$ cat input.txt   # compact mmCIF, C-alpha atoms (C1' of nucleotides)
# COMPACT_ATOMS: atom_id res chain seq x y z
CA MET A 142 86.10 121.69 103.34
CA ARG A 143 84.75 118.83 105.30
CA LEU A 144 83.17 119.78 108.60
CA SER A 145 82.77 117.18 111.31
CA ALA A 146 79.84 117.24 113.67
CA ARG A 147 82.29 117.71 116.54
CA THR A 148 83.61 120.91 115.03
CA GLU A 149 80.19 122.26 114.28
CA TYR A 150 78.95 121.53 117.78
CA ALA A 151 82.09 123.04 119.28
CA ALA A 152 81.58 126.24 117.34
CA ILE A 153 77.90 126.39 118.21
CA ALA A 154 78.67 125.97 121.89
CA ALA A 155 81.44 128.54 121.81
CA VAL A 156 79.25 131.09 120.10
CA GLU A 157 76.57 130.47 122.69
CA LEU A 158 79.09 131.16 125.45
CA ALA A 159 80.17 134.31 123.68
CA ARG A 160 76.57 135.45 123.39
CA ARG A 161 75.94 135.02 127.09
CA GLY A 162 79.12 136.73 128.17
CA ASP A 163 80.54 136.66 131.65
CA ALA A 164 77.61 138.21 133.44
CA GLY A 165 75.36 135.60 135.01
CA GLY A 166 78.13 133.25 135.93
CA PRO A 167 79.18 130.13 134.11
CA VAL A 168 76.79 128.55 131.64
CA GLY A 169 75.76 124.96 132.24
CA MET A 170 75.96 122.33 129.60
CA LYS A 171 72.27 121.75 129.81
CA THR A 172 71.62 125.34 128.90
CA ILE A 173 73.74 125.06 125.80
CA CYS A 174 72.15 121.82 124.73
CA ASP A 175 68.66 123.12 125.18
CA ALA A 176 69.38 126.27 123.21
CA GLN A 177 71.16 124.59 120.36
CA ARG A 178 69.83 121.04 120.17
CA VAL A 179 73.11 119.26 120.80
CA PRO A 180 73.22 115.76 122.36
CA PRO A 181 74.47 116.40 125.91
CA ARG A 182 76.43 113.19 126.31
CA PHE A 183 78.37 114.12 123.24
CA LEU A 184 78.90 117.76 124.10
CA VAL A 185 80.70 116.75 127.29
CA HIS A 186 83.60 115.43 125.27
CA ILE A 187 83.69 118.37 122.95
CA LEU A 188 83.72 120.91 125.76
CA LEU A 189 86.49 118.94 127.37
CA GLN A 190 88.57 119.28 124.24
CA LEU A 191 87.89 122.99 124.14
CA LYS A 192 88.94 123.20 127.74
CA ARG A 193 92.19 121.32 127.18
CA ALA A 194 92.93 123.70 124.33
CA GLY A 195 92.49 126.68 126.62
CA ILE A 196 89.44 128.01 124.82
CA VAL A 197 86.91 127.54 127.58
CA ALA A 198 87.23 127.27 131.33
CA SER A 199 84.99 125.26 133.59
CA VAL A 200 83.64 125.64 137.09
CA ARG A 201 82.74 122.44 138.82
CA GLY A 202 80.12 121.75 141.37
CA ALA A 203 76.62 123.02 141.81
CA GLY A 204 76.05 126.23 139.91
CA GLY A 205 79.05 125.45 137.80
CA GLY A 206 79.37 125.53 134.06
CA TYR A 207 81.53 126.94 131.33
CA ARG A 208 82.77 130.30 130.17
CA LEU A 209 85.24 131.45 127.58
CA ALA A 210 88.80 131.37 128.84
CA ARG A 211 89.74 134.42 126.76
CA PRO A 212 87.89 137.45 125.40
CA ALA A 213 85.56 136.44 122.57
CA ALA A 214 87.44 138.75 120.24
CA ALA A 215 90.58 136.70 120.81
CA ILE A 216 89.11 133.35 119.80
CA THR A 217 88.73 132.46 116.15
CA LEU A 218 87.03 129.63 114.31
CA ARG A 219 90.46 128.41 113.40
CA ASP A 220 91.31 128.02 117.07
CA ILE A 221 88.18 126.00 117.59
CA ARG A 222 88.69 123.74 114.65
CA GLU A 223 92.26 123.05 115.65
CA ALA A 224 91.21 122.31 119.19
CA VAL A 225 88.66 119.76 118.08
CA GLU A 226 90.24 118.15 115.06
CA GLY A 227 93.84 118.36 116.13
CA ALA A 228 96.39 120.57 114.44
CA THR A 229 96.29 118.59 111.20
CA GLU A 230 96.65 121.82 109.38
CA ARG A 231 99.08 120.80 106.75
CA PRO A 232 98.45 117.88 104.45
CA ALA A 233 100.99 115.17 105.13
CA PRO A 234 102.80 113.83 102.11
CA LEU A 235 102.14 110.24 101.20
CA THR A 236 105.39 110.14 99.35
CA ALA A 237 107.35 110.52 102.51
CA ASP A 238 110.45 108.84 101.16
CA LEU A 239 112.07 112.19 100.66
CA ALA A 240 115.02 111.09 98.58
CA GLY A 241 112.80 109.82 95.80
CA ALA A 242 110.27 112.59 96.16
CA SER A 243 109.92 113.86 92.65
CA ARG A 244 109.80 117.53 91.97
CA ALA A 245 106.25 116.95 90.80
CA ALA A 246 105.25 115.72 94.23
CA THR A 247 107.01 118.67 95.77
CA ALA A 248 105.16 121.15 93.61
CA LEU A 249 101.90 119.44 94.46
CA LEU A 250 102.56 119.54 98.13
CA ALA A 251 103.19 123.25 97.95
CA ALA A 252 99.88 123.72 96.18
CA TRP A 253 97.89 121.71 98.71
CA ASP A 254 99.57 123.62 101.47
CA GLY A 255 98.70 126.93 99.87
CA ALA A 256 95.04 125.98 99.81
CA ALA A 257 95.15 124.79 103.41
CA ARG A 258 96.72 128.09 104.35
CA ALA A 259 94.05 130.08 102.53
CA GLU A 260 91.33 128.18 104.34
CA ALA A 261 92.97 128.54 107.73
CA GLU A 262 93.42 132.26 107.22
CA ALA A 263 89.79 132.68 106.29
CA LEU A 264 88.78 130.93 109.49
CA ALA A 265 91.25 132.97 111.50
CA ARG A 266 89.50 136.15 110.39
CA VAL A 267 86.25 135.18 112.12
CA THR A 268 86.17 135.68 115.87
CA LEU A 269 83.55 134.59 118.37
CA ALA A 270 82.87 138.25 119.04
CA ASP A 271 82.01 138.72 115.36
CA LEU A 272 79.66 135.79 115.39
CA ALA A 273 77.98 136.79 118.62
CA ALA A 274 77.43 140.30 117.30
CA ARG A 275 76.15 139.03 113.98
CA SER A 276 73.75 136.71 115.74
CA ARG A 277 72.21 139.68 117.51
CA GLU A 278 71.64 141.79 114.42
CA PRO A 279 67.92 141.83 113.75
CA GLY A 280 66.52 141.41 110.27
CA GLN A 281 69.72 139.98 109.00
CA ALA A 282 69.56 138.48 105.55
CA MET A 283 68.98 134.77 105.80
CA TYR A 284 71.71 132.58 104.51
CA TYR A 285 70.35 130.35 101.83
CA ILE A 286 71.99 127.35 100.30
CA MET B 109 92.51 120.72 104.99
CA ARG B 110 92.38 117.00 105.09
CA LEU B 111 93.77 115.25 102.05
CA SER B 112 92.77 111.68 101.31
CA ALA B 113 95.18 109.26 99.71
CA ARG B 114 92.84 108.97 96.76
CA THR B 115 93.05 112.66 96.07
CA GLU B 116 96.78 112.75 96.42
CA TYR B 117 97.23 109.78 94.10
CA ALA B 118 94.81 111.28 91.61
CA ALA B 119 96.75 114.51 91.53
CA ILE B 120 100.06 112.73 91.21
CA ALA B 121 98.80 110.67 88.32
CA ALA B 122 97.29 113.67 86.60
CA VAL B 123 100.49 115.66 86.90
CA GLU B 124 102.40 112.74 85.48
CA LEU B 125 100.08 112.66 82.49
CA ALA B 126 100.52 116.39 82.05
CA ARG B 127 104.30 116.01 82.19
CA ARG B 128 104.32 113.37 79.46
CA GLY B 129 101.98 115.27 77.20
CA ASP B 130 100.29 113.82 74.17
CA ALA B 131 103.40 112.85 72.25
CA GLY B 132 104.25 109.20 72.71
CA GLY B 133 100.67 108.03 72.85
CA PRO B 134 98.71 107.12 75.94
CA VAL B 135 100.55 106.44 79.17
CA GLY B 136 100.04 103.05 80.78
CA MET B 137 99.08 102.64 84.38
CA LYS B 138 102.20 100.70 85.04
CA THR B 139 104.29 103.64 83.91
CA ILE B 140 102.55 105.96 86.32
CA CYS B 141 102.84 103.56 89.20
CA ASP B 142 106.51 102.92 88.62
CA ALA B 143 107.29 106.61 88.41
CA GLN B 144 105.29 107.63 91.44
CA ARG B 145 105.10 104.60 93.71
CA VAL B 146 101.36 104.21 93.69
CA PRO B 147 99.68 100.80 94.30
CA PRO B 148 98.44 99.80 90.82
CA ARG B 149 95.35 97.95 91.95
CA PHE B 150 94.24 101.07 93.70
CA LEU B 151 95.12 103.48 90.95
CA VAL B 152 92.76 101.68 88.60
CA HIS B 153 89.79 102.89 90.57
CA ILE B 154 91.09 106.38 90.91
CA LEU B 155 91.78 106.76 87.22
CA LEU B 156 88.32 105.46 86.56
CA GLN B 157 86.89 108.23 88.68
CA LEU B 158 88.97 110.78 86.83
CA LYS B 159 87.70 109.34 83.59
CA ARG B 160 84.08 109.50 84.63
CA ALA B 161 84.64 113.12 85.60
CA GLY B 162 85.96 113.87 82.14
CA ILE B 163 89.47 114.68 83.31
CA VAL B 164 91.31 111.83 81.64
CA ALA B 165 90.49 109.65 78.67
CA SER B 166 91.53 106.07 78.23
CA VAL B 167 92.56 103.90 75.31
CA ARG B 168 91.95 100.22 75.76
CA GLY B 169 93.82 97.27 74.36
CA ALA B 170 97.47 96.61 73.82
CA GLY B 171 99.47 99.81 73.72
CA GLY B 172 96.63 101.56 75.48
CA GLY B 173 96.73 103.81 78.49
CA TYR B 174 95.58 107.22 79.65
CA ARG B 175 95.89 110.80 78.59
CA LEU B 176 94.36 114.06 79.72
CA ALA B 177 90.95 114.66 78.24
CA ARG B 178 91.51 118.42 78.16
CA PRO B 179 94.53 120.71 77.87
CA ALA B 180 96.58 120.65 81.05
CA ALA B 181 96.03 124.36 81.45
CA ALA B 182 92.29 123.75 81.69
CA ILE B 183 92.42 121.29 84.57
CA THR B 184 92.80 122.53 88.11
CA LEU B 185 93.45 120.82 91.40
CA ARG B 186 89.94 121.75 92.36
CA ASP B 187 88.61 119.73 89.45
CA ILE B 188 90.63 116.76 90.54
CA ARG B 189 89.60 116.93 94.14
CA GLU B 190 85.95 117.24 93.22
CA ALA B 191 86.22 114.31 90.84
CA VAL B 192 87.66 112.07 93.51
CA GLU B 193 85.93 113.19 96.67
CA GLY B 194 82.61 114.18 95.19
CA ALA B 195 81.38 117.73 95.09
CA THR B 196 81.04 118.02 98.83
CA GLU B 197 82.17 121.56 98.55
CA ARG B 198 79.90 123.23 100.98
CA PRO B 199 79.64 122.18 104.62
CA ALA B 200 76.16 120.86 105.30
CA PRO B 201 74.40 122.27 108.31
CA LEU B 202 73.71 119.90 111.14
CA THR B 203 70.95 122.12 112.35
CA ALA B 204 68.89 121.48 109.30
CA ASP B 205 65.59 122.18 110.97
CA LEU B 206 65.51 125.56 109.35
CA ALA B 207 62.64 127.03 111.27
CA GLY B 208 64.52 126.73 114.54
CA ALA B 209 67.87 127.58 113.03
CA SER B 210 69.15 130.29 115.27
CA ARG B 211 70.79 133.33 113.81
CA ALA B 212 73.96 132.14 115.49
CA ALA B 213 73.93 128.95 113.46
CA THR B 214 73.26 130.96 110.36
CA ALA B 215 76.21 133.25 110.96
CA LEU B 216 78.39 130.24 111.59
CA LEU B 217 77.34 128.55 108.42
CA ALA B 218 78.23 131.61 106.41
CA ALA B 219 81.67 131.64 108.01
CA TRP B 220 82.35 127.98 107.26
CA ASP B 221 81.20 128.49 103.74
CA GLY B 222 83.52 131.45 103.30
CA ALA B 223 86.48 129.35 104.33
CA ALA B 224 85.46 126.53 102.02
CA ARG B 225 85.20 129.01 99.21
CA ALA B 226 88.64 130.44 99.92
CA GLU B 227 90.14 126.99 99.84
CA ALA B 228 88.37 125.99 96.64
CA GLU B 229 89.48 129.18 94.94
CA ALA B 230 93.07 128.58 95.94
CA LEU B 231 92.92 125.11 94.42
CA ALA B 232 91.23 126.45 91.31
CA ARG B 233 94.21 128.73 90.70
CA VAL B 234 96.60 125.82 90.25
CA THR B 235 96.44 124.05 86.89
CA LEU B 236 98.12 120.86 85.82
CA ALA B 237 100.12 122.92 83.34
CA ASP B 238 101.50 124.98 86.23
CA LEU B 239 102.48 121.89 88.14
CA ALA B 240 104.06 120.18 85.15
CA ALA B 241 106.08 123.29 84.38
CA ARG B 242 107.11 123.69 87.97
CA SER B 243 108.20 120.09 88.14
CA ARG B 244 110.56 120.69 85.24
CA GLU B 245 112.25 123.74 86.69
CA PRO B 246 115.77 122.71 87.66
CA GLY B 247 117.32 123.79 90.93
CA GLN B 248 114.00 124.66 92.40
CA ALA B 249 114.00 125.38 96.08
CA MET B 250 113.01 122.29 98.03
CA TYR B 251 109.80 122.51 99.94
CA TYR B 252 110.48 121.82 103.57
CA ILE B 253 107.95 121.15 106.24
C1' DG C 74 92.04 83.72 64.52
C1' DC C 75 94.67 83.81 68.57
C1' DA C 76 97.41 85.27 72.15
C1' DA C 77 99.19 89.02 74.67
C1' DT C 78 98.33 93.49 76.47
C1' DA C 79 95.89 96.64 79.03
C1' DC C 80 91.74 99.04 80.70
C1' DA C 81 86.80 98.11 83.29
C1' DT C 82 84.03 96.56 86.90
C1' DG C 83 82.28 94.75 90.95
C1' DA C 84 82.94 92.12 95.11
C1' DC C 85 85.30 91.84 99.12
C1' DC C 86 88.02 93.02 103.46
C1' DA C 87 90.74 94.86 107.49
C1' DA C 88 91.55 98.94 109.97
C1' DC C 89 90.32 103.30 111.36
C1' DT C 90 87.22 107.19 112.28
C1' DT C 91 82.91 109.16 113.63
C1' DG C 92 78.99 110.00 116.31
C1' DG C 93 77.07 108.81 120.26
C1' DT C 94 75.84 106.23 124.81
C1' DA C 95 76.71 104.59 129.60
C1' DA C 96 78.28 104.69 134.14
C1' DG C 97 80.67 106.00 137.87
C1' DG C 98 83.88 109.47 140.12
C1' DA C 99 85.14 114.16 141.73
C1' DT C 100 84.00 118.77 143.23
C1' DT C 101 81.32 122.48 145.00
C1' DC C 102 77.10 124.92 146.81
C1' DT C 103 73.36 124.96 150.11
C1' DA D 298 74.47 115.22 153.75
C1' DG D 299 72.67 115.80 149.39
C1' DA D 300 71.96 117.84 145.05
C1' DA D 301 74.01 119.80 141.13
C1' DT D 302 77.41 119.68 137.83
C1' DC D 303 81.67 118.77 135.62
C1' DC D 304 85.42 114.76 134.59
C1' DT D 305 86.97 110.47 132.94
C1' DT D 306 87.10 106.08 130.97
C1' DA D 307 85.02 102.57 128.49
C1' DC D 308 82.24 100.97 125.05
C1' DC D 309 79.63 100.37 120.60
C1' DA D 310 77.38 100.62 115.88
C1' DA D 311 77.90 102.37 111.51
C1' DG D 312 80.37 104.46 107.97
C1' DT D 313 84.66 105.60 105.52
C1' DT D 314 89.27 104.59 103.83
C1' DG D 315 92.75 102.19 101.60
C1' DG D 316 93.47 98.50 99.41
C1' DT D 317 93.23 93.52 97.13
C1' DC D 318 91.25 89.97 93.99
C1' DA D 319 88.99 87.91 90.24
C1' DT D 320 87.08 88.38 86.12
C1' DG D 321 85.36 90.69 81.98
C1' DT D 322 86.18 93.32 77.74
C1' DA D 323 88.50 95.86 74.02
C1' DT D 324 92.59 96.35 70.93
C1' DT D 325 96.92 95.23 68.70
C1' DG D 326 100.35 92.37 66.53
C1' DC D 327 101.48 87.98 64.61
$ encode --input "input.txt" --output "structure tokens"
Amino acid sequence: MRLSARTEYAAIAAVELARRGDAGGPVGMKTICDAQRVPPRFLVHILLQLKRAGIVASVRGAGGGYRLARPAAAITLRDIREAVEGATERPAPLTADLAGASRAATALLAAWDGAARAEAEALARVTLADLAARSREPGQAMYYI
Amino acid sequence: MRLSARTEYAAIAAVELARRGDAGGPVGMKTICDAQRVPPRFLVHILLQLKRAGIVASVRGAGGGYRLARPAAAITLRDIREAVEGATERPAPLTADLAGASRAATALLAAWDGAARAEAEALARVTLADLAARSREPGQAMYYI
DNA sequence: GCAATACATGACCAACTTGGTAAGGATTCT
DNA sequence: AGAATCCTTACCAAGTTGGTCATGTATTGC
């Protein structure tokens, strides 16, 4: 799985919003950037995409900022990835001339799609609430590469 | 899951080789291209990658061509994708400054990695032998998008 | 030996994507 | 009014992708 910087930043920001919750009013971009070392000029665009996808909501003006548009338990990593990368869930067939599409190509396409589905389902099982909770657990085992 | 043209072509070519089997000697590039509508000049490079990865073997000279280097049942789509796209299996963390890596980032990384693993395992379950057999089944249900 | 066949290799290129910056506009609070 | 903060569009450098081209090298058949 290839992970773009946009997607990673989007997830980091969303988890940060989930961690802060609704109390304390909306969270400013600056706060997120400071906490997570994300280039602010870039995060603007990403948050905008999340907003258009209905994942976050914004409050303009002084004292404004962002909050999650839905409960953290109702937002998954899959939602976030789709919001940022577009719903390119399913691998498009190169061999689009359907008449000549060999059965081999058909079988292949089904296989690619199965893998894409497996990945998407794995992402759909992780909610922002999970991640926020996990990020608060003390003494958690470090994740090593 | 994003699927590059290289990967798709590589898989198509590999399945074609599996379909033809070892009888009849090596299969020429031209044969593959004609059967599957792949630009020949491009396929050269892809087959070379597959060769370097030990997935196909080549025979040079007149009457030469390609064949699978291993039994079709021992080659999976995962092998092919890794051969072509490089073993970029695991999403690299942007927040590589480990000391400051928040627990949130750590939890996220584990989640991304889980999804990548799920996808890779799904691909590893599909062998070229499966695909070749499936491509020979008559009256198979068409795969619609 | 020679020509034809067919893989091998590296250079090159246009188009697109990615990651990020810049600047000005709109909205709200004080 | 003025400061804070989000919104929008435009722009840009660098890398990746999807190919093409030219040329080299190995093998077979005559």
$ residues_around --input "input.txt" --residues "range 230-240 of chain B" --least-positions-apart "5" --cutoff "6 Å" --atoms "all atoms listed in the file" --output "NGL selection string"
(:A and (256)) or (:B and (123 or 127 or 180-181 or 183-186))
$ closest_atom_pairs --input "input.txt" --of "chain C" --to "chain A" --cutoff "6 Å" --atoms "only C-alpha atoms (C1' of nucleotides)" --output "CSV"
residue,atom,partner,partner_atom,distance
C:DT100,C1',A:Gly202,CA,5.2
C:DT101,C1',A:Gly202,CA,3.9
C:DC102,C1',A:Ala203,CA,5.4
$ interface_residues --input "input.txt" --of "chain D" --to "chain B" --cutoff "7 Å" --atoms "only C-alpha atoms (C1' of nucleotides)" --output "list in words"
DG316, DA323, DT324 and DT325 of chain D
$ closest_residue --input "input.txt" --among "A:Thr172, A:Ser276, A:Ser243, A:Thr148" --to "chain B" --atoms "all atoms listed in the file"
A:Ser276
$ calpha_fit_and_write --input "input.txt" --fixed "chain A" --moving "chain B" --output "compact mmCIF listing (two decimals) with C-alpha atoms, in the frame of the given file"
# COMPACT_ATOMS: atom_id res chain seq x y z
CA MET B 109 86.15 121.65 103.37
CA ARG B 110 84.81 118.81 105.37
CA LEU B 111 83.26 119.75 108.68
CA SER B 112 82.89 117.14 111.39
CA ALA B 113 79.96 117.20 113.77
CA ARG B 114 82.37 117.70 116.64
CA THR B 115 83.70 120.88 115.13
CA GLU B 116 80.28 122.21 114.34
CA TYR B 117 79.02 121.49 117.85
CA ALA B 118 82.14 123.02 119.35
CA ALA B 119 81.64 126.20 117.39
CA ILE B 120 77.97 126.37 118.25
CA ALA B 121 78.70 125.96 121.92
CA ALA B 122 81.46 128.52 121.85
CA VAL B 123 79.28 131.07 120.11
CA GLU B 124 76.59 130.46 122.68
CA LEU B 125 79.06 131.15 125.46
CA ALA B 126 80.17 134.31 123.69
CA ARG B 127 76.56 135.43 123.34
CA ARG B 128 75.87 135.01 127.05
CA GLY B 129 79.04 136.74 128.13
CA ASP B 130 80.41 136.69 131.63
CA ALA B 131 77.45 138.26 133.38
CA GLY B 132 75.20 135.66 134.93
CA GLY B 133 77.99 133.32 135.89
CA PRO B 134 79.02 130.17 134.09
CA VAL B 135 76.66 128.60 131.59
CA GLY B 136 75.59 125.02 132.22
CA MET B 137 75.84 122.35 129.60
CA LYS B 138 72.15 121.79 129.76
CA THR B 139 71.54 125.39 128.81
CA ILE B 140 73.71 125.08 125.74
CA CYS B 141 72.13 121.83 124.68
CA ASP B 142 68.61 123.12 125.07
CA ALA B 143 69.36 126.26 123.10
CA GLN B 144 71.19 124.54 120.28
CA ARG B 145 69.89 120.99 120.12
CA VAL B 146 73.15 119.25 120.80
CA PRO B 147 73.28 115.74 122.39
CA PRO B 148 74.47 116.45 125.96
CA ARG B 149 76.43 113.25 126.43
CA PHE B 150 78.42 114.14 123.38
CA LEU B 151 78.92 117.78 124.20
CA VAL B 152 80.68 116.83 127.41
CA HIS B 153 83.60 115.46 125.47
CA ILE B 154 83.72 118.35 123.10
CA LEU B 155 83.72 120.94 125.84
CA LEU B 156 86.46 119.00 127.51
CA GLN B 157 88.56 119.30 124.40
CA LEU B 158 87.90 123.01 124.25
CA LYS B 159 88.92 123.25 127.87
CA ARG B 160 92.15 121.37 127.36
CA ALA B 161 92.92 123.71 124.48
CA GLY B 162 92.46 126.70 126.75
CA ILE B 163 89.42 128.02 124.92
CA VAL B 164 86.85 127.57 127.66
CA ALA B 165 87.14 127.29 131.41
CA SER B 166 84.86 125.31 133.64
CA VAL B 167 83.46 125.74 137.13
CA ARG B 168 82.53 122.55 138.88
CA GLY B 169 79.86 121.89 141.45
CA ALA B 170 76.35 123.14 141.83
CA GLY B 171 75.78 126.33 139.89
CA GLY B 172 78.82 125.52 137.81
CA GLY B 173 79.21 125.55 134.07
CA TYR B 174 81.43 126.96 131.36
CA ARG B 175 82.67 130.30 130.20
CA LEU B 176 85.19 131.47 127.64
CA ALA B 177 88.73 131.39 128.92
CA ARG B 178 89.69 134.42 126.83
CA PRO B 179 87.86 137.45 125.44
CA ALA B 180 85.55 136.44 122.61
CA ALA B 181 87.44 138.73 120.28
CA ALA B 182 90.58 136.68 120.87
CA ILE B 183 89.13 133.33 119.86
CA THR B 184 88.80 132.43 116.21
CA LEU B 185 87.11 129.61 114.38
CA ARG B 186 90.55 128.39 113.49
CA ASP B 187 91.36 127.99 117.16
CA ILE B 188 88.22 126.00 117.68
CA ARG B 189 88.76 123.73 114.75
CA GLU B 190 92.33 123.03 115.76
CA ALA B 191 91.25 122.30 119.32
CA VAL B 192 88.72 119.74 118.20
CA GLU B 193 90.32 118.14 115.18
CA GLY B 194 93.93 118.38 116.24
CA ALA B 195 96.44 120.56 114.50
CA THR B 196 96.37 118.57 111.30
CA GLU B 197 96.75 121.77 109.43
CA ARG B 198 99.15 120.76 106.77
CA PRO B 199 98.51 117.87 104.39
CA ALA B 200 101.08 115.16 104.98
CA PRO B 201 102.84 113.84 101.93
CA LEU B 202 102.17 110.26 101.00
CA THR B 203 105.40 110.14 99.10
CA ALA B 204 107.43 110.55 102.21
CA ASP B 205 110.49 108.85 100.83
CA LEU B 206 112.09 112.20 100.30
CA ALA B 207 115.02 111.09 98.24
CA GLY B 208 112.76 109.79 95.49
CA ALA B 209 110.24 112.57 95.87
CA SER B 210 109.83 113.82 92.36
CA ARG B 211 109.70 117.51 91.68
CA ALA B 212 106.13 116.94 90.58
CA ALA B 213 105.18 115.71 94.03
CA THR B 214 106.98 118.64 95.54
CA ALA B 215 105.10 121.15 93.42
CA LEU B 216 101.86 119.45 94.32
CA LEU B 217 102.58 119.55 97.99
CA ALA B 218 103.22 123.26 97.84
CA ALA B 219 99.88 123.74 96.10
CA TRP B 220 97.94 121.74 98.67
CA ASP B 221 99.65 123.61 101.42
CA GLY B 222 98.74 126.94 99.86
CA ALA B 223 95.09 125.99 99.83
CA ALA B 224 95.23 124.79 103.42
CA ARG B 225 96.80 128.07 104.38
CA ALA B 226 94.12 130.07 102.59
CA GLU B 227 91.42 128.17 104.40
CA ALA B 228 93.07 128.52 107.80
CA GLU B 229 93.52 132.24 107.29
CA ALA B 230 89.88 132.65 106.37
CA LEU B 231 88.87 130.88 109.57
CA ALA B 232 91.34 132.93 111.58
CA ARG B 233 89.58 136.11 110.46
CA VAL B 234 86.33 135.16 112.17
CA THR B 235 86.23 135.65 115.93
CA LEU B 236 83.60 134.56 118.39
CA ALA B 237 82.90 138.23 119.05
CA ASP B 238 82.06 138.69 115.36
CA LEU B 239 79.72 135.74 115.39
CA ALA B 240 78.01 136.76 118.61
CA ALA B 241 77.47 140.27 117.28
CA ARG B 242 76.22 138.98 113.98
CA SER B 243 73.80 136.67 115.71
CA ARG B 244 72.26 139.64 117.48
CA GLU B 245 71.72 141.74 114.39
CA PRO B 246 67.98 141.83 113.75
CA GLY B 247 66.55 141.42 110.28
CA GLN B 248 69.73 139.94 108.98
CA ALA B 249 69.53 138.43 105.55
CA MET B 250 68.97 134.69 105.79
CA TYR B 251 71.74 132.54 104.47
CA TYR B 252 70.37 130.29 101.79
CA ILE B 253 72.07 127.33 100.27
$ atom_distance --input "input.txt" --atom1 "CA of Asp254 in chain A" --atom2 "CA of Leu111 in chain B"
10.2 Å
$ closest_residue --input "input.txt" --among "B:Ser166, B:Ile154, B:Arg175, B:Ala118" --to "chain A" --atoms "all atoms listed in the file"
B:Ala118
$ interface_residues --input "input.txt" --of "chain A" --to "chain B" --cutoff "7 Å" --atoms "only C-alpha atoms" --output "PyMOL selection string"
chain A and resi 142-144+153+230-232+244-249+251+256-257+259-260+263-264+272-273+275-276+284
$ residues_around --input "input.txt" --residues "DA81 in chain C" --least-positions-apart "6" --cutoff "9 Å" --atoms "only C-alpha atoms (C1' of nucleotides)" --output "list in words"
Val152 and Leu156 of chain B; DG321 and DT322 of chain D
$ atom_distance --input "input.txt" --atom1 "CA of Asp187 in chain B" --atom2 "CA of Arg128 in chain B"
19.7 Å
$ axis_aligned_box --input "input.txt" --around "range 234-237 of chain B" --padding-each-side "5 Å" --output "JSON"
{"center_x": 98.3, "center_y": 123.3, "center_z": 86.8, "size_x": 13.7, "size_y": 15.0, "size_z": 16.9}
